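> Take a look at this one; I'll ask things after.
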Amino acid sequence: MNATRPSSTQKYKFADLLAGPAVRERWERVRKYFFLRESTYDMTSRCNIRCDGCYYYAGEKQFATDTGDPEAWRELMRQEKARGITFVVLAGAEPALVPGLLQVCYDEIPLGCIATNGVKRIDDSVGYKIHVSVWGSDATSLRVRKQKEMLEKQIGNYRGDNRAVFVYTFTRDNIDEAAPVIKQLSDNGCRVTFNMFSAPEGYEGTLVHTEETLAKTRSVMLDLLERYPGHVLFSPYSAVAHTHRLGLHGLYGCPYPRKNPSTDIGLGRSFRQYRSDLTWDRAAACCVPDTDCADCRHYAAGSAVVTSKLYRHATDPDTFKAWLDYVDTYLAVWVKGYEKGENLCRGIVEPPEG
Ligand code: SF4
Ligand code: SF4
């Protein structure tokens with residue numbers, strides 16, 4: 001978490017924003033995690049399924065030659081630790097296909113998260129958070145991901161596993177399916193957060209949102225958050241930020257190297273996105289490479305884009321509370337052992353201008 005600097009025109013002093021025990025307590029809780037410095041790693045270019053609109057199989061990274069040698073990964077993790085990386089996001093294609101490499105990473109850097117399709121279970125000895133991607137009902141998964149009974153398989157693998165957070169990705173087509181899917185997850189004691197389909201560059205398929213589906217998604221997210229507060233890890237401001245017509249870069253300015261030329265501070269300095277051959281390219285480095293920045297509303301992007309804008313949100317008590325809720329959600333979704341608090345701001349707050 002890297003914070004941008006305050007503006008001299010702000011009306012409230014920071015101490016005013018911390019008035020009230022609930023806000024102060026939340027601030028003290030979240031600021032303990034400001035040490036997190038992330039980078040992301042494609043563990044393999046193989047996947048056990050093939051989904052329409054997959055950003056991994058767009059662009060160059062899919063053609064990297066996999067490094068299957070655990071000692072090469074161990075050495076990379078040691079180098080990453082030495083340059084200050086404290087949190088790893090292991091993705092791919094499908095990380096569950098290389099369990100030995102996941103174990104090596106966990107043994108070297110114990111804070112992190114794995115993005116998986118959930119079809120193959122990851123062993124308990126890898127104690128990272130596990131994000132299980134859900135793209136709609138089983139009928140939709142069969143159509144878009146060519147998998148039968150996908151949700152049942154995913155729940156079977158991760159029910160009762162406190163590492164797991166299911167990630168429901170809203171596309172233009174599956175908004176009405178969210179309610180029964182979230183009910184099924186909640187009935188099985190699973191926790192879930194929300195993502196937005198963000199088109200890969202050059203994508204011409206049917207999953208891209210329109211202004212109408214963005215508005216409808218926001219309303220469904222808010223409704224599900226009200227109905228399943230114990231199982232949905234989200235906040236009203238998360239819904240606002242991720243369903244805005246401008247997208248995350250347009251709203252806040254993205255700090256990842258791909259959009260940020262600065263090499264002095266924050267993510268522009270520290271973030272790398274390694275391909276499965278252990279190379280990285282600054283010009284392509286962000287958490288969702290090959291995604292079209294103009295359509296980027298991805299939950300992983302927001303975790304850096306919004307959380308890094310502390311001072312932009314330190315304008316008035318409601319906006320600051322909304323930002324705290326966003327960060328609290330991000331930590332509950334991404335960091336092992338962090339439990340989500342009650343949202344402090346229940347109303348709709350518009351993103352402040354930069
Ligand atoms: S499971 Fe993930 S990596 Fe595999 S094809 Fe689907 S979106 Fe791509
Ligand atoms: S795709 Fe998203 S996270 Fe990546 S550089 Fe563009 S705006 Fe940033």
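Residue numbers start at 1 in each chain; chains themselves are named A, B, ... in the order of the structure tokens; ligands are numbered from 1 in the order shown.
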Determine, counting only C-alpha atoms, which protein, DNA and RNA residues have an atom within 9 Å of an atom of Thr193 (chain A); residues of the same chain fewer than 6 positions away are not included. Present the result as a ChimeraX atom specification.
/A:165-169,231-234,299,329,333
> Throw together the list of residues within 7 Å of ligand 2, counting only C-alpha atoms and all ligand atoms, and drop it here as number ranges by chain.
A: 248-249, 254-256, 258-259, 286-294, 296-298, 301
> Would you write out those residues with all heavy atoms, as a short mmCIF file (atom, residue, chain, number, x, y, z; two decimals), in the first residue's frame?

data_model
loop_
_atom_site.label_atom_id
_atom_site.label_comp_id
_atom_site.auth_asym_id
_atom_site.auth_seq_id
_atom_site.Cartn_x
_atom_site.Cartn_y
_atom_site.Cartn_z
N LEU A 248 -11.15 2.60 -13.55
CA LEU A 248 -10.26 2.94 -12.44
C LEU A 248 -9.18 3.94 -12.84
O LEU A 248 -8.87 4.87 -12.11
CB LEU A 248 -9.61 1.67 -11.89
CG LEU A 248 -10.58 0.73 -11.17
CD1 LEU A 248 -9.92 -0.63 -10.93
CD2 LEU A 248 -11.05 1.33 -9.85
N HIS A 249 -8.60 3.76 -14.03
CA HIS A 249 -7.55 4.69 -14.44
C HIS A 249 -8.12 6.08 -14.69
O HIS A 249 -7.54 7.10 -14.28
CB HIS A 249 -6.84 4.17 -15.69
CG HIS A 249 -5.75 5.08 -16.15
ND1 HIS A 249 -4.70 5.44 -15.34
CD2 HIS A 249 -5.57 5.73 -17.34
CE1 HIS A 249 -3.91 6.28 -16.00
NE2 HIS A 249 -4.41 6.47 -17.20
N CYS A 254 -3.83 5.34 -12.57
CA CYS A 254 -3.28 4.06 -12.15
C CYS A 254 -1.80 4.18 -11.81
O CYS A 254 -1.03 4.72 -12.60
CB CYS A 254 -3.47 3.04 -13.27
SG CYS A 254 -2.72 1.46 -12.87
N PRO A 255 -1.38 3.68 -10.65
CA PRO A 255 0.03 3.81 -10.25
C PRO A 255 0.94 2.68 -10.72
O PRO A 255 2.14 2.73 -10.44
CB PRO A 255 -0.05 3.79 -8.71
CG PRO A 255 -1.22 2.91 -8.41
CD PRO A 255 -2.21 3.10 -9.57
N TYR A 256 0.41 1.67 -11.42
CA TYR A 256 1.28 0.58 -11.87
C TYR A 256 2.24 1.09 -12.94
O TYR A 256 1.90 2.00 -13.72
CB TYR A 256 0.44 -0.57 -12.43
CG TYR A 256 -0.17 -1.44 -11.36
CD1 TYR A 256 -1.52 -1.39 -11.09
CD2 TYR A 256 0.62 -2.32 -10.62
CE1 TYR A 256 -2.09 -2.19 -10.10
CE2 TYR A 256 0.07 -3.12 -9.63
CZ TYR A 256 -1.28 -3.06 -9.38
OH TYR A 256 -1.83 -3.84 -8.40
N ARG A 258 3.00 0.26 -15.83
CA ARG A 258 2.50 0.35 -17.21
C ARG A 258 1.88 1.71 -17.50
O ARG A 258 1.91 2.20 -18.63
CB ARG A 258 1.45 -0.76 -17.38
CG ARG A 258 1.13 -1.12 -18.78
CD ARG A 258 0.19 -2.33 -18.75
NE ARG A 258 -0.77 -2.22 -19.82
CZ ARG A 258 -1.97 -2.77 -19.80
NH1 ARG A 258 -2.37 -3.47 -18.75
NH2 ARG A 258 -2.77 -2.62 -20.82
N LYS A 259 1.32 2.35 -16.48
CA LYS A 259 0.67 3.66 -16.66
C LYS A 259 1.38 4.77 -15.90
O LYS A 259 0.91 5.89 -15.86
CB LYS A 259 -0.78 3.58 -16.16
CG LYS A 259 -1.74 2.99 -17.17
CD LYS A 259 -2.04 4.03 -18.25
CE LYS A 259 -2.64 3.42 -19.47
NZ LYS A 259 -2.59 4.25 -20.64
N CYS A 286 1.68 -4.52 -14.82
CA CYS A 286 0.58 -4.21 -13.91
C CYS A 286 0.00 -5.55 -13.47
O CYS A 286 0.42 -6.60 -13.94
CB CYS A 286 -0.46 -3.30 -14.54
SG CYS A 286 -1.67 -4.10 -15.60
N CYS A 287 -0.98 -5.51 -12.57
CA CYS A 287 -1.50 -6.76 -12.02
C CYS A 287 -2.38 -7.49 -13.03
O CYS A 287 -2.65 -8.68 -12.85
CB CYS A 287 -2.26 -6.49 -10.73
SG CYS A 287 -3.65 -5.39 -10.98
N VAL A 288 -2.85 -6.83 -14.06
CA VAL A 288 -3.68 -7.48 -15.08
C VAL A 288 -3.18 -7.07 -16.48
O VAL A 288 -3.88 -6.41 -17.24
CB VAL A 288 -5.19 -7.15 -14.91
CG1 VAL A 288 -5.80 -8.00 -13.83
CG2 VAL A 288 -5.43 -5.67 -14.61
N PRO A 289 -1.93 -7.48 -16.80
CA PRO A 289 -1.36 -7.04 -18.08
C PRO A 289 -2.22 -7.45 -19.26
O PRO A 289 -2.91 -8.47 -19.19
CB PRO A 289 0.00 -7.76 -18.12
CG PRO A 289 -0.08 -8.84 -17.11
CD PRO A 289 -1.06 -8.41 -16.09
N ASP A 290 -2.19 -6.64 -20.30
CA ASP A 290 -2.98 -6.87 -21.52
C ASP A 290 -4.46 -6.58 -21.34
O ASP A 290 -5.27 -6.86 -22.23
CB ASP A 290 -2.75 -8.27 -22.10
CG ASP A 290 -1.29 -8.48 -22.50
OD1 ASP A 290 -0.78 -7.66 -23.30
OD2 ASP A 290 -0.66 -9.40 -21.98
N THR A 291 -4.83 -6.05 -20.16
CA THR A 291 -6.19 -5.53 -20.01
C THR A 291 -6.23 -4.12 -20.61
O THR A 291 -5.25 -3.38 -20.52
CB THR A 291 -6.58 -5.49 -18.51
OG1 THR A 291 -6.58 -6.82 -18.02
CG2 THR A 291 -7.94 -4.86 -18.29
N ASP A 292 -7.34 -3.80 -21.23
CA ASP A 292 -7.52 -2.46 -21.82
C ASP A 292 -7.71 -1.45 -20.68
O ASP A 292 -8.70 -1.52 -19.96
CB ASP A 292 -8.76 -2.52 -22.73
CG ASP A 292 -9.10 -1.19 -23.32
OD1 ASP A 292 -8.35 -0.20 -23.08
OD2 ASP A 292 -10.12 -1.10 -24.04
N CYS A 293 -6.76 -0.54 -20.51
CA CYS A 293 -6.83 0.40 -19.37
C CYS A 293 -8.13 1.19 -19.35
O CYS A 293 -8.65 1.51 -18.28
CB CYS A 293 -5.63 1.35 -19.41
SG CYS A 293 -4.06 0.51 -19.16
N ALA A 294 -8.67 1.50 -20.49
CA ALA A 294 -9.90 2.30 -20.53
C ALA A 294 -11.09 1.51 -19.98
O ALA A 294 -12.10 2.09 -19.55
CB ALA A 294 -10.19 2.74 -21.96
N CYS A 296 -10.66 -0.89 -17.50
CA CYS A 296 -10.16 -1.60 -16.32
C CYS A 296 -10.97 -1.24 -15.08
O CYS A 296 -10.88 -0.12 -14.58
CB CYS A 296 -8.68 -1.28 -16.09
SG CYS A 296 -8.02 -2.12 -14.65
N ARG A 297 -11.70 -2.22 -14.60
CA ARG A 297 -12.42 -2.10 -13.32
C ARG A 297 -12.12 -3.33 -12.46
O ARG A 297 -12.91 -3.75 -11.62
CB ARG A 297 -13.93 -1.98 -13.56
CG ARG A 297 -14.33 -0.76 -14.35
CD ARG A 297 -15.83 -0.64 -14.58
NE ARG A 297 -16.11 0.54 -15.37
CZ ARG A 297 -16.04 0.58 -16.71
NH1 ARG A 297 -15.72 -0.51 -17.40
NH2 ARG A 297 -16.29 1.70 -17.35
N HIS A 298 -11.01 -3.95 -12.72
CA HIS A 298 -10.66 -5.24 -12.11
C HIS A 298 -10.43 -5.09 -10.60
O HIS A 298 -9.83 -4.11 -10.17
CB HIS A 298 -9.40 -5.77 -12.78
CG HIS A 298 -9.21 -7.22 -12.62
ND1 HIS A 298 -8.64 -7.78 -11.50
CD2 HIS A 298 -9.53 -8.27 -13.43
CE1 HIS A 298 -8.60 -9.09 -11.63
NE2 HIS A 298 -9.14 -9.41 -12.79
N ALA A 301 -6.79 -4.65 -9.64
CA ALA A 301 -6.29 -3.31 -9.96
C ALA A 301 -6.74 -2.32 -8.89
O ALA A 301 -5.95 -1.51 -8.38
CB ALA A 301 -6.77 -2.88 -11.34
#
> List as a ChimeraX atom specification the protein and nucleic acid residues lying within 10 Å of ligand 1, with only C-alpha atoms and all ligand atoms counted.
/A:42,44-58,62,91-95,115-119,132-135,144-146
> Nearest residue to Val30 (chain A) out of A:Asp66, A:Glu152, A:Glu350, A:Asp325, using only C-alpha atoms?
A:Asp325
> In Å, rounded to a single decimal, give me how far CA of Ile130 (chain A) is from CA of Asn157 (chain A).
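A separation of 11.3 Å between them.
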> If you count only C-alpha atoms, which residues fall within 10 Å of Asp161 (chain A), apart from same-chain ones fewer than 2 positions away, as a PyMOL selection string?
chain A and resi 124+129-130+155+157-159+163-165+189-191
> As a ChimeraX atom specification, please: all residues of region 82-204 of chain A that backbone DSSP puts in strand (DSSP E).
/A:87-91,112-116,129-134,164-170,192-196
> Rank A:Asn174, A:Gln154, A:Asn188, A:Ser39 by their smallest atom-to-atom distance to Phe271 (chain A), using only C-alpha atoms, and report the top residue only.
A:Ser39
> Set the distance at 12 Å and use only C-alpha atoms: which residues neighbour Gly266 (chain A) once local chain neighbours fewer than 4 positions away are removed? I'd like the list as a PyMOL selection string.
chain A and resi 1-5+34-39+84-85+254-257+260-262+270-272+304-305+307-309
> Keeping only C-alpha atoms, write those residues as an mmCIF file, in the first residue's frame.

data_model
loop_
_atom_site.group_PDB
_atom_site.id
_atom_site.type_symbol
_atom_site.label_atom_id
_atom_site.label_comp_id
_atom_site.auth_asym_id
_atom_site.auth_seq_id
_atom_site.Cartn_x
_atom_site.Cartn_y
_atom_site.Cartn_z
ATOM 1 C CA MET A 1 0.000 0.000 0.000
ATOM 2 C CA ASN A 2 1.649 3.226 -1.135
ATOM 3 C CA ALA A 3 -0.040 6.556 -0.338
ATOM 4 C CA THR A 4 0.079 9.671 -2.519
ATOM 5 C CA ARG A 5 0.853 13.064 -0.977
ATOM 6 C CA PHE A 34 1.090 -0.075 4.882
ATOM 7 C CA PHE A 35 4.281 -2.164 4.758
ATOM 8 C CA LEU A 36 2.798 -4.426 2.060
ATOM 9 C CA ARG A 37 4.719 -4.255 -1.230
ATOM 10 C CA GLU A 38 3.346 -6.507 -3.923
ATOM 11 C CA SER A 39 4.541 -8.043 -7.114
ATOM 12 C CA GLY A 84 11.524 -5.237 -0.369
ATOM 13 C CA ILE A 85 8.668 -7.325 -1.745
ATOM 14 C CA CYS A 254 -3.283 4.057 -12.150
ATOM 15 C CA PRO A 255 0.035 3.813 -10.247
ATOM 16 C CA TYR A 256 1.276 0.584 -11.867
ATOM 17 C CA PRO A 257 4.442 0.964 -13.987
ATOM 18 C CA ASN A 260 3.121 5.378 -14.328
ATOM 19 C CA PRO A 261 6.558 6.483 -15.584
ATOM 20 C CA SER A 262 7.829 7.300 -12.060
ATOM 21 C CA SER A 270 8.765 -1.589 -6.712
ATOM 22 C CA PHE A 271 6.135 -3.451 -8.728
ATOM 23 C CA ARG A 272 7.087 -6.140 -11.204
ATOM 24 C CA ALA A 304 -3.700 -0.828 -5.555
ATOM 25 C CA VAL A 305 -5.309 2.020 -7.496
ATOM 26 C CA THR A 307 -5.938 2.137 -1.680
ATOM 27 C CA SER A 308 -2.956 4.238 -2.788
ATOM 28 C CA LYS A 309 -5.147 7.366 -2.907
#
> Pick the closest to Leu207 (chain A) from A:Val181, A:Ile175, A:Leu251, A:Met221: which is it, counting only C-alpha atoms?
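Going through A:Val181, A:Ile175, A:Leu251, A:Met221 one by one, the smallest distance to Leu207 (chain A) is for A:Ile175.
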> Which residue out of A:Thr140, A:Ser235, A:Thr171, A:Gln184 has the minimum interatomic distance to Gly205 (chain A) when only C-alpha atoms are used?
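Going through A:Thr140, A:Ser235, A:Thr171, A:Gln184 one by one, the smallest distance to Gly205 (chain A) is for A:Thr171.
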> So that I can check the surroundings of Arg245 (chain A), please list as a ChimeraX atom specification every protein, DNA and RNA residue that reaches within 12 Å of it, counting only C-alpha atoms and ignoring chain neighbours fewer than 2 positions away.
/A:209-215,217-218,239-243,247-251,294-297,351
> List the spatial neighbours of Arg29 (chain A) as a list in words - criterion: any atom at most 12 Å away, only C-alpha atoms, same-chain residues fewer than 4 positions off excluded.
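Residues meeting the cut-off are Ala22, Val23, Arg24, Glu25, Tyr33, Phe34, Leu324, Asp325, Val327, Asp328, Leu331, Ala332, Tyr338, Glu339, Lys340 and Gly341 of chain A.
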> Atoms to include: all heavy atoms. Write the selected residues as a short mmCIF file (atom, residue, chain, number, x, y, z; two decimals), in the first residue's frame.

data_model
loop_
_atom_site.label_atom_id
_atom_site.label_comp_id
_atom_site.auth_asym_id
_atom_site.auth_seq_id
_atom_site.Cartn_x
_atom_site.Cartn_y
_atom_site.Cartn_z
N ALA A 22 -14.67 4.61 16.30
CA ALA A 22 -14.74 3.57 15.26
C ALA A 22 -13.79 3.89 14.11
O ALA A 22 -13.09 3.01 13.60
CB ALA A 22 -16.18 3.45 14.74
N VAL A 23 -13.75 5.16 13.72
CA VAL A 23 -12.88 5.56 12.61
C VAL A 23 -11.41 5.43 13.02
O VAL A 23 -10.58 4.90 12.29
CB VAL A 23 -13.19 7.00 12.15
CG1 VAL A 23 -12.21 7.45 11.10
CG2 VAL A 23 -14.61 7.08 11.64
N ARG A 24 -11.13 5.90 14.23
CA ARG A 24 -9.73 5.82 14.68
C ARG A 24 -9.27 4.37 14.79
O ARG A 24 -8.17 4.01 14.36
CB ARG A 24 -9.58 6.53 16.04
CG ARG A 24 -8.15 6.53 16.55
CD ARG A 24 -7.99 7.41 17.76
NE ARG A 24 -7.99 8.82 17.42
CZ ARG A 24 -6.94 9.48 16.96
NH1 ARG A 24 -5.81 8.83 16.75
NH2 ARG A 24 -7.01 10.75 16.68
N GLU A 25 -10.16 3.53 15.34
CA GLU A 25 -9.79 2.11 15.49
C GLU A 25 -9.52 1.48 14.13
O GLU A 25 -8.55 0.74 13.93
CB GLU A 25 -10.93 1.37 16.23
CG GLU A 25 -10.67 -0.10 16.51
CD GLU A 25 -11.05 -1.05 15.38
OE1 GLU A 25 -11.97 -0.73 14.58
OE2 GLU A 25 -10.42 -2.10 15.26
N TYR A 33 -0.81 -2.28 7.84
CA TYR A 33 -0.50 -3.03 6.61
C TYR A 33 0.13 -2.15 5.53
O TYR A 33 0.27 -2.60 4.40
CB TYR A 33 -1.79 -3.71 6.09
CG TYR A 33 -2.24 -4.79 7.04
CD1 TYR A 33 -3.07 -4.49 8.11
CD2 TYR A 33 -1.79 -6.10 6.90
CE1 TYR A 33 -3.46 -5.46 9.01
CE2 TYR A 33 -2.18 -7.09 7.79
CZ TYR A 33 -3.01 -6.76 8.85
OH TYR A 33 -3.39 -7.73 9.74
N PHE A 34 0.47 -0.94 5.89
CA PHE A 34 1.09 -0.08 4.88
C PHE A 34 2.45 -0.61 4.43
O PHE A 34 3.02 -0.12 3.46
CB PHE A 34 1.25 1.35 5.43
CG PHE A 34 -0.03 2.15 5.44
CD1 PHE A 34 -1.25 1.56 5.15
CD2 PHE A 34 -0.02 3.50 5.76
CE1 PHE A 34 -2.43 2.29 5.18
CE2 PHE A 34 -1.19 4.24 5.78
CZ PHE A 34 -2.40 3.63 5.49
N LEU A 324 -11.70 4.11 3.97
CA LEU A 324 -11.35 3.10 4.98
C LEU A 324 -12.10 1.79 4.73
O LEU A 324 -11.54 0.70 4.88
CB LEU A 324 -11.68 3.62 6.38
CG LEU A 324 -10.68 4.57 7.03
CD1 LEU A 324 -11.25 5.09 8.35
CD2 LEU A 324 -9.33 3.88 7.27
N ASP A 325 -13.36 1.89 4.35
CA ASP A 325 -14.14 0.67 4.04
C ASP A 325 -13.53 -0.07 2.86
O ASP A 325 -13.48 -1.30 2.84
CB ASP A 325 -15.59 1.02 3.70
CG ASP A 325 -16.38 1.49 4.92
OD1 ASP A 325 -15.96 1.18 6.05
OD2 ASP A 325 -17.41 2.15 4.72
N VAL A 327 -10.38 -0.05 1.93
CA VAL A 327 -9.11 -0.67 2.34
C VAL A 327 -9.38 -1.87 3.24
O VAL A 327 -8.72 -2.92 3.13
CB VAL A 327 -8.21 0.37 3.05
CG1 VAL A 327 -6.91 -0.27 3.51
CG2 VAL A 327 -7.91 1.53 2.11
N ASP A 328 -10.36 -1.72 4.13
CA ASP A 328 -10.74 -2.82 5.02
C ASP A 328 -11.19 -4.03 4.19
O ASP A 328 -10.84 -5.18 4.48
CB ASP A 328 -11.89 -2.30 5.89
CG ASP A 328 -12.30 -3.26 6.98
OD1 ASP A 328 -11.43 -3.74 7.73
OD2 ASP A 328 -13.52 -3.53 7.10
N LEU A 331 -8.09 -5.61 2.46
CA LEU A 331 -7.27 -6.42 3.36
C LEU A 331 -7.96 -7.74 3.70
O LEU A 331 -7.32 -8.79 3.76
CB LEU A 331 -6.95 -5.62 4.63
CG LEU A 331 -6.00 -4.44 4.42
CD1 LEU A 331 -5.93 -3.56 5.67
CD2 LEU A 331 -4.60 -4.92 4.04
N ALA A 332 -9.28 -7.70 3.92
CA ALA A 332 -10.01 -8.93 4.25
C ALA A 332 -9.98 -9.92 3.09
O ALA A 332 -9.98 -11.13 3.28
CB ALA A 332 -11.46 -8.59 4.62
N TYR A 338 -6.76 -11.29 8.33
CA TYR A 338 -7.41 -9.99 8.51
C TYR A 338 -8.92 -10.20 8.34
O TYR A 338 -9.37 -10.66 7.29
CB TYR A 338 -6.90 -8.98 7.49
CG TYR A 338 -7.46 -7.57 7.74
CD1 TYR A 338 -6.72 -6.63 8.44
CD2 TYR A 338 -8.74 -7.23 7.30
CE1 TYR A 338 -7.24 -5.37 8.68
CE2 TYR A 338 -9.26 -5.97 7.54
CZ TYR A 338 -8.50 -5.04 8.23
OH TYR A 338 -9.03 -3.80 8.48
N GLU A 339 -9.69 -9.83 9.37
CA GLU A 339 -11.14 -10.01 9.29
C GLU A 339 -11.83 -8.68 8.97
O GLU A 339 -11.49 -7.65 9.55
CB GLU A 339 -11.70 -10.56 10.61
CG GLU A 339 -11.34 -12.02 10.87
CD GLU A 339 -11.91 -12.98 9.82
OE1 GLU A 339 -13.04 -12.73 9.34
OE2 GLU A 339 -11.23 -13.96 9.49
N LYS A 340 -12.80 -8.72 8.09
CA LYS A 340 -13.52 -7.50 7.67
C LYS A 340 -14.32 -6.92 8.84
O LYS A 340 -15.01 -7.65 9.55
CB LYS A 340 -14.46 -7.87 6.52
CG LYS A 340 -15.39 -6.75 6.06
CD LYS A 340 -14.88 -6.06 4.82
CE LYS A 340 -15.84 -4.96 4.38
NZ LYS A 340 -15.81 -3.78 5.27
N GLY A 341 -14.24 -5.61 9.02
CA GLY A 341 -15.09 -4.92 10.00
C GLY A 341 -16.40 -4.49 9.36
O GLY A 341 -16.60 -4.65 8.15
#
> Please report the interatomic distance between CA of Leu111 (chain A) and CA of Phe87 (chain A) in Å with one decimal.
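If I compute the distance from CA of Leu111 (chain A) to CA of Phe87 (chain A), I get 5.0 Å.
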> Hey, which of A:Thr206, A:Thr65, A:Thr315, A:Ser137 ends up closest to Ser276 (chain A)? Count only C-alpha atoms.
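Result for the nearest residue to Ser276 (chain A): A:Thr65.
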> Hey, what's within 10 Å of Glu75 (chain A) if we count only C-alpha atoms and toss same-chain stuff fewer than 5 positions away? As number ranges by chain, please?
A: 70, 80-81, 104-105, 108
